[in-house]
Amino acid sequence: MRFNVRDLVYIGVFGALWGAVEISLGSVLHTLNVPFSGVVLTGIGIAIALIGRLFVPRTGSVLFIGLVTAFLKMFSLGGIVINPMIGIVAESLLAEVALTALGRPRRLSFIVAGALATFWPFVHPFFTQGILAGAGILTIYQRTLTNGAKLLGLDPSAVVLILAGLIVVHLLIGSIAGLLAWDAGRVVQVRLRPAPRS
Amino acid sequence: MSALAARLHWSTWELRLGTWGHLSCLVFSLAVAILAQGWRVGIACALAVALAVAFYRGGLSPLRRRRLWLLLGFLLVPSALFLGPGDWTVWGVTLSRQGLAAGAQMVLRSIAILVAVAGFAASVSVSELAGLLERAGLQGLGFAMGVAVNMLPTVQETATTASHALRLRGGFRRQRFQAIRLLLITVVVNSLRHADDIVSAAEARAFSTTRVRPRHIVWRQSDVILAGTLLAVALAVLLA
């Protein structure tokens, strides 16, 4: 991945924008216990990264923005925050894969990239705990869900429906973020265009 | 620091490694912790903690957090209850020895990985990390990170000013989604105008990403010896 000076500066700026959102809004949302705060934060962050793709339309730009943001996150709490760093890098990687697969930037690719990126917060706990704990964690989750459903008098298939509903919510928020990024990005491009000489 | 630790000059016992040495310790700890099975996981955990004690005491800081032990308890207790047949009764509760063993493996693996990652992050500076990533093909990442760190206060100030201006105009009371969209556009536009100034300044100084040497990485002779030793130990643990 090779970027020129302008590309790298723009990547740094969009990394700073996403990092500012993570540092300031992230702690507020978690403190207020807002539902789905993780996926909302991801949606806003990935929207910023996708706008960055309009200004640096090269393969790897969204991934670079995510890497810069992940490093900025290290400064945010004065300690090592591995989980959010893994999340940010994974979200930007998924968005990058979607954008690269779907070709030139357009509304559909932004919507798919946003949806894929916001799917990660749903998968993230299973991934990190799976790495830490090994494959046995899946069996634990399965048995816990089954036994929990029996305890509450629920049909175990209801648990599957609940999980499916959560996935739909995540994908919907990501799609909206992608759409917002496309529309807002186009407006930003128009605003930054030099004014025509009279 | 306790009186005993002060008497033993505990802090000076930490041996010095270069960046590659710390990277070797991280790769070793992760590989052995993830690949080991059965009783070997215990050895992997012990080795990871021993490396932290010897080379990067900062890696032991996660072990002081109560939240971590709650999470590890969540790994251990359900395993003992749900994994495998119940063949052991403790205080009226039926547990599975097989599940308990599996849970213990998960806990030890988690500790090894957390200590290794925390130790690496505490020992290697951001610029050294950027240098490693640049050598791995992500050229220009260090420069982009420098721009981001310098732009962060400007971005935060721009966001604060724009949100105050929007709030004074009643923007967040009506059409909240439109207000958020407008805030995002304003902050991005102002930030990119600053970015153009940075680009002009860099180009005026003939800065080029193709002519910049990769960042200096600290490299010690002990790193080579350590890397070789860790490789031999890893093979011995995994293949024994």
# chains A, B, ... in the order shown; residues from 1 in each chain; ligands from 1
call {"tool": "interface_residues", "arguments": {"of": "chain B", "to": "chain A", "cutoff": "8 Å", "atoms": "only C-alpha atoms", "output": "NGL selection string"}}
result
:B and (34 or 75 or 78-79 or 82-83 or 102 or 105-107 or 109-110 or 113 or 118 or 121-122 or 126 or 137-141 or 143-149 or 151-152 or 155-156 or 181 or 184-185 or 188-189 or 191-193 or 195-196 or 198-199 or 202-203 or 207-209)
call {"tool": "residues_around", "arguments": {"residues": "stretch 218-235 of chain B", "least_positions_apart": "5", "cutoff": "6 Å", "atoms": "only C-alpha atoms", "output": "PyMOL selection string"}}
result
chain B and resi 18-19+21+24
call {"tool": "write_last_selection", "arguments": {"atoms": "C-alpha atoms", "output": "short mmCIF file (atom, residue, chain, number, x, y, z; two decimals), in the first residue's frame"}}
result
data_model
loop_
_atom_site.label_atom_id
_atom_site.label_comp_id
_atom_site.auth_asym_id
_atom_site.auth_seq_id
_atom_site.Cartn_x
_atom_site.Cartn_y
_atom_site.Cartn_z
CA GLY B 18 15.32 -4.35 22.26
CA THR B 19 12.19 -4.06 20.13
CA GLY B 21 13.39 -9.03 21.74
CA SER B 24 10.04 -12.41 20.11
#
call {"tool": "residues_around", "arguments": {"residues": "B:Leu168", "least_positions_apart": "6", "cutoff": "12 Å", "atoms": "only C-alpha atoms", "output": "PyMOL selection string"}}
result
chain B and resi 161-162+179
call {"tool": "residues_around", "arguments": {"residues": "stretch 99-110 of chain A", "least_positions_apart": "5", "cutoff": "9 Å", "atoms": "only C-alpha atoms", "output": "ChimeraX atom specification"}}
result
/A:47,50,53-54,57-60,62,94,115,175,177-179,181-183
call {"tool": "atom_distance", "arguments": {"atom1": "atom CA of B:Leu71", "atom2": "atom CA of B:Ala104"}}
result
12.8 Å
